file model_30.pdb (PDB, C-alpha atoms)
ATOM      1  CA  MET I  42      25.117  30.739 -10.090
ATOM      2  CA  ALA I  43      26.834  28.388 -12.509
ATOM      3  CA  LEU I  44      25.659  24.832 -12.802
ATOM      4  CA  ALA I  45      27.942  22.504 -10.877
ATOM      5  CA  ASN I  46      27.402  19.228  -9.082
ATOM      6  CA  VAL I  47      24.588  18.125 -11.397
ATOM      7  CA  GLN I  48      23.605  14.536 -10.715
ATOM      8  CA  VAL I  49      21.939  12.380 -13.363
ATOM      9  CA  PHE I  50      20.390   9.189 -11.989
ATOM     10  CA  GLY I  51      19.483   6.615 -14.626
ATOM     11  CA  VAL I  52      20.511   3.406 -16.325
ATOM     12  CA  LYS I  53      22.972   3.069 -19.193
ATOM     13  CA  LYS I  54      20.465   1.395 -21.496
ATOM     14  CA  CYS I  55      17.857   4.166 -21.051
ATOM     15  CA  ALA I  56      17.679   6.405 -24.135
ATOM     16  CA  GLU I  57      16.228   9.311 -22.110
ATOM     17  CA  THR I  58      19.088   9.116 -19.609
ATOM     18  CA  ARG I  59      21.678   9.130 -22.402
ATOM     19  CA  LYS I  60      19.881  12.100 -23.983
ATOM     20  CA  ALA I  61      20.006  14.028 -20.688
ATOM     21  CA  GLU I  62      23.704  13.284 -20.196
ATOM     22  CA  ARG I  63      24.407  14.405 -23.762
ATOM     23  CA  TRP I  64      22.425  17.656 -23.223
ATOM     24  CA  PHE I  65      24.640  18.633 -20.287
ATOM     25  CA  LYS I  66      27.877  17.527 -21.992
ATOM     26  CA  GLU I  67      27.048  19.558 -25.120
ATOM     27  CA  ARG I  68      26.832  22.629 -22.865
ATOM     28  CA  ARG I  69      30.093  21.739 -21.120
ATOM     29  CA  ILE I  70      28.319  21.206 -17.814
ATOM     30  CA  SER I  71      30.008  18.472 -15.823
ATOM     31  CA  ILE I  72      27.720  15.846 -14.375
ATOM     32  CA  GLN I  73      27.899  12.997 -11.934
ATOM     33  CA  ALA I  74      26.227  10.066 -13.679
ATOM     34  CA  ILE I  75      24.808   7.490 -11.264
ATOM     35  CA  ASP I  76      23.749   4.145 -12.708
ATOM     36  CA  LEU I  77      20.763   2.926 -10.693
ATOM     37  CA  ARG I  78      21.717  -0.678 -11.479
ATOM     38  CA  GLU I  79      24.887  -0.151  -9.432
ATOM     39  CA  LYS I  80      23.821   2.347  -6.787
ATOM     40  CA  GLY I  81      20.420   3.629  -5.741
ATOM     41  CA  MET I  82      19.431   6.925  -4.210
ATOM     42  CA  SER I  83      19.969   7.383  -0.495
ATOM     43  CA  PRO I  84      16.838   8.010   1.603
ATOM     44  CA  GLY I  85      17.909  11.673   1.952
ATOM     45  CA  GLU I  86      18.393  12.106  -1.797
ATOM     46  CA  LEU I  87      15.025  10.501  -2.458
ATOM     47  CA  LYS I  88      13.263  12.782   0.064
ATOM     48  CA  SER I  89      14.861  15.822  -1.573
ATOM     49  CA  VAL I  90      13.623  14.768  -5.027
ATOM     50  CA  VAL I  91      10.175  13.814  -3.690
ATOM     51  CA  ALA I  92       9.860  17.303  -2.181
ATOM     52  CA  ARG I  93      10.362  18.837  -5.642
ATOM     53  CA  VAL I  94       8.505  16.453  -7.977
ATOM     54  CA  GLY I  95       6.231  14.307  -5.779
ATOM     55  CA  VAL I  96       6.550  10.599  -5.139
ATOM     56  CA  GLU I  97       3.881   9.629  -7.695
ATOM     57  CA  ASN I  98       5.967  11.178 -10.488
ATOM     58  CA  LEU I  99       8.969   9.030  -9.563
ATOM     59  CA  ILE I 100       7.370   5.613  -9.910
ATOM     60  CA  ASP I 101       7.712   3.920 -13.284
ATOM     61  CA  ARG I 102       4.266   2.333 -13.254
ATOM     62  CA  ALA I 103       4.558   1.442 -16.948
ATOM     63  CA  GLY I 104       7.824  -0.450 -16.477
ATOM     64  CA  ASN I 105       8.277  -4.203 -16.515
ATOM     65  CA  ARG I 106       9.853  -4.140 -13.060
ATOM     66  CA  TYR I 107       6.687  -2.658 -11.526
ATOM     67  CA  ARG I 108       4.508  -5.253 -13.220
ATOM     68  CA  ASP I 109       6.849  -8.186 -12.456
ATOM     69  CA  LYS I 110       6.819  -7.347  -8.738
ATOM     70  CA  GLY I 111       3.031  -7.537  -8.754
ATOM     71  CA  LEU I 112       2.647  -3.872  -7.853
ATOM     72  CA  LEU I 113      -0.041  -3.155 -10.446
ATOM     73  CA  HIS I 114      -2.616  -4.655  -8.116
ATOM     74  CA  ALA I 115      -0.942  -3.956  -4.756
ATOM     75  CA  ALA I 116      -0.726  -0.166  -5.292
ATOM     76  CA  PRO I 117       1.484   0.689  -2.284
ATOM     77  CA  THR I 118       1.000   4.120  -0.735
ATOM     78  CA  GLY I 119       2.713   6.613   1.567
ATOM     79  CA  PRO I 120       5.979   5.700   3.277
ATOM     80  CA  ARG I 121       5.847   2.201   1.771
ATOM     81  CA  ILE I 122       6.397   3.680  -1.682
ATOM     82  CA  GLU I 123       9.465   5.655  -0.628
ATOM     83  CA  GLN I 124      11.004   2.634   1.104
ATOM     84  CA  MET I 125      10.232   0.508  -1.951
ATOM     85  CA  LEU I 126      12.048   3.040  -4.187
ATOM     86  CA  VAL I 127      15.083   3.066  -1.881
ATOM     87  CA  ASP I 128      15.151  -0.752  -1.781
ATOM     88  CA  ASP I 129      14.631  -1.172  -5.542
ATOM     89  CA  PRO I 130      15.855   1.886  -7.484
ATOM     90  CA  LEU I 131      14.948   0.288 -10.813
ATOM     91  CA  LEU I 132      11.318   1.167 -10.042
ATOM     92  CA  LEU I 133      12.198   4.851 -10.574
ATOM     93  CA  LYS I 134      11.427   6.745 -13.767
ATOM     94  CA  THR I 135      14.607   7.947 -15.405
ATOM     95  CA  PRO I 136      16.461  10.152 -15.751
ATOM     96  CA  ILE I 137      16.251  11.950 -12.437
ATOM     97  CA  VAL I 138      18.351  15.108 -12.587
ATOM     98  CA  ARG I 139      19.335  16.941  -9.392
ATOM     99  CA  TRP I 140      21.087  20.241  -8.874
ATOM    100  CA  GLY I 141      21.094  21.504  -5.308
ATOM    101  CA  LYS I 142      17.470  21.543  -4.188
ATOM    102  CA  GLU I 143      16.182  21.447  -7.801
ATOM    103  CA  ALA I 144      15.116  18.174  -9.404
ATOM    104  CA  THR I 145      13.364  16.871 -12.503
ATOM    105  CA  VAL I 146      12.156  13.509 -13.745
ATOM    106  CA  GLY I 147      12.499  12.692 -17.423
ATOM    107  CA  TYR I 148      14.158  14.649 -20.209
ATOM    108  CA  ARG I 149      13.390  18.290 -19.292
ATOM    109  CA  PRO I 150      15.841  20.684 -21.027
ATOM    110  CA  GLU I 151      13.308  23.532 -20.792
ATOM    111  CA  VAL I 152      13.591  23.312 -16.987
ATOM    112  CA  TRP I 153      17.382  22.802 -16.929
ATOM    113  CA  GLU I 154      17.806  25.989 -18.982
ATOM    114  CA  THR I 155      16.216  27.943 -16.121
ATOM    115  CA  TRP I 156      18.753  26.548 -13.642
ATOM    116  CA  LYS I 157      21.651  28.513 -15.173
TER
END

call {"tool": "encode", "arguments": {"input": "model_30.pdb", "output": "structure tokens"}}
result
Amino acid sequence: MALANVQVFGVKKCAETRKAERWFKERRISIQAIDLREKGMSPGELKSVVARVGVENLIDRAGNRYRDKGLLHAAPTGPRIEQMLVDDPLLLKTPIVRWGKEATVGYRPEVWETWK
């Protein structure tokens, strides 16, 4: 099955997101780039990604946004985390790459190669 409908969630200023977009473009694989500053993931999209990678792997705990919101000490758990990620998509690690039911977090060309 050929790669089609690949979604890359990230932010324009993120070097890893730009690297992921470039990886797909160099292989002539069209992508749908979604800037998380403009549009977040829907609850359904988030659940699909969580099912593949786990919610803990999606949270950018090292980011300024996480610290500035005071979440270092609050440490939300369970459904609160998912709702928090829907409400504030800039708390997500980037890039998040989706293709059908497959998903990755971060720059993972070794995984994307297996999707072909």

call {"tool": "resolve_selection", "arguments": {"input": "model_30.pdb", "expression": "the PyMOL selection byres ((chain I and resi 61-74) around 10)", "output": "tab-separated table (two decimals) with C-alpha atoms, keeping the file's coordinate frame"}}
result
chain	number	residue	atom	x	y	z
I	43	ALA	CA	26.83	28.39	-12.51
I	44	LEU	CA	25.66	24.83	-12.80
I	45	ALA	CA	27.94	22.50	-10.88
I	46	ASN	CA	27.40	19.23	-9.08
I	47	VAL	CA	24.59	18.12	-11.40
I	48	GLN	CA	23.60	14.54	-10.72
I	49	VAL	CA	21.94	12.38	-13.36
I	50	PHE	CA	20.39	9.19	-11.99
I	51	GLY	CA	19.48	6.62	-14.63
I	52	VAL	CA	20.51	3.41	-16.32
I	53	LYS	CA	22.97	3.07	-19.19
I	56	ALA	CA	17.68	6.40	-24.14
I	57	GLU	CA	16.23	9.31	-22.11
I	58	THR	CA	19.09	9.12	-19.61
I	59	ARG	CA	21.68	9.13	-22.40
I	60	LYS	CA	19.88	12.10	-23.98
I	75	ILE	CA	24.81	7.49	-11.26
I	76	ASP	CA	23.75	4.14	-12.71
I	77	LEU	CA	20.76	2.93	-10.69
I	135	THR	CA	14.61	7.95	-15.40
I	136	PRO	CA	16.46	10.15	-15.75
I	137	ILE	CA	16.25	11.95	-12.44
I	138	VAL	CA	18.35	15.11	-12.59
I	139	ARG	CA	19.34	16.94	-9.39
I	140	TRP	CA	21.09	20.24	-8.87
I	147	GLY	CA	12.50	12.69	-17.42
I	148	TYR	CA	14.16	14.65	-20.21
I	149	ARG	CA	13.39	18.29	-19.29
I	150	PRO	CA	15.84	20.68	-21.03
I	153	TRP	CA	17.38	22.80	-16.93

call {"tool": "closest_residue", "arguments": {"input": "model_30.pdb", "among": "I:Glu151, I:Lys110, I:Val146, I:Gly85", "to": "Asp129 in chain I", "atoms": "only C-alpha atoms"}}
result
I:Lys110

call {"tool": "residues_around", "arguments": {"input": "model_30.pdb", "residues": "Pro130 in chain I", "least_positions_apart": "6", "cutoff": "9 Å", "atoms": "only C-alpha atoms", "output": "number ranges by chain"}}
result
I: 77-78, 80-82

call {"tool": "atom_distance", "arguments": {"input": "model_30.pdb", "atom1": "CA of Glu143 in chain I", "atom2": "CA of Gly95 in chain I"}}
result
12.4 Å

call {"tool": "atom_distance", "arguments": {"input": "model_30.pdb", "atom1": "CA of Tyr107 in chain I", "atom2": "CA of Glu86 in chain I"}}
result
21.2 Å

call {"tool": "residues_around", "arguments": {"input": "model_30.pdb", "residues": "Leu126 in chain I", "least_positions_apart": "2", "cutoff": "12 Å", "atoms": "all atoms listed in the file", "output": "JSON, numbers by chain"}}
result
{"I": [77, 81, 82, 83, 84, 86, 87, 88, 90, 91, 96, 97, 98, 99, 100, 101, 102, 106, 107, 117, 118, 119, 120, 121, 122, 123, 124, 128, 129, 130, 131, 132, 133, 134]}

call {"tool": "atom_distance", "arguments": {"input": "model_30.pdb", "atom1": "CA of Trp156 in chain I", "atom2": "CA of Ala92 in chain I"}}
result
17.2 Å
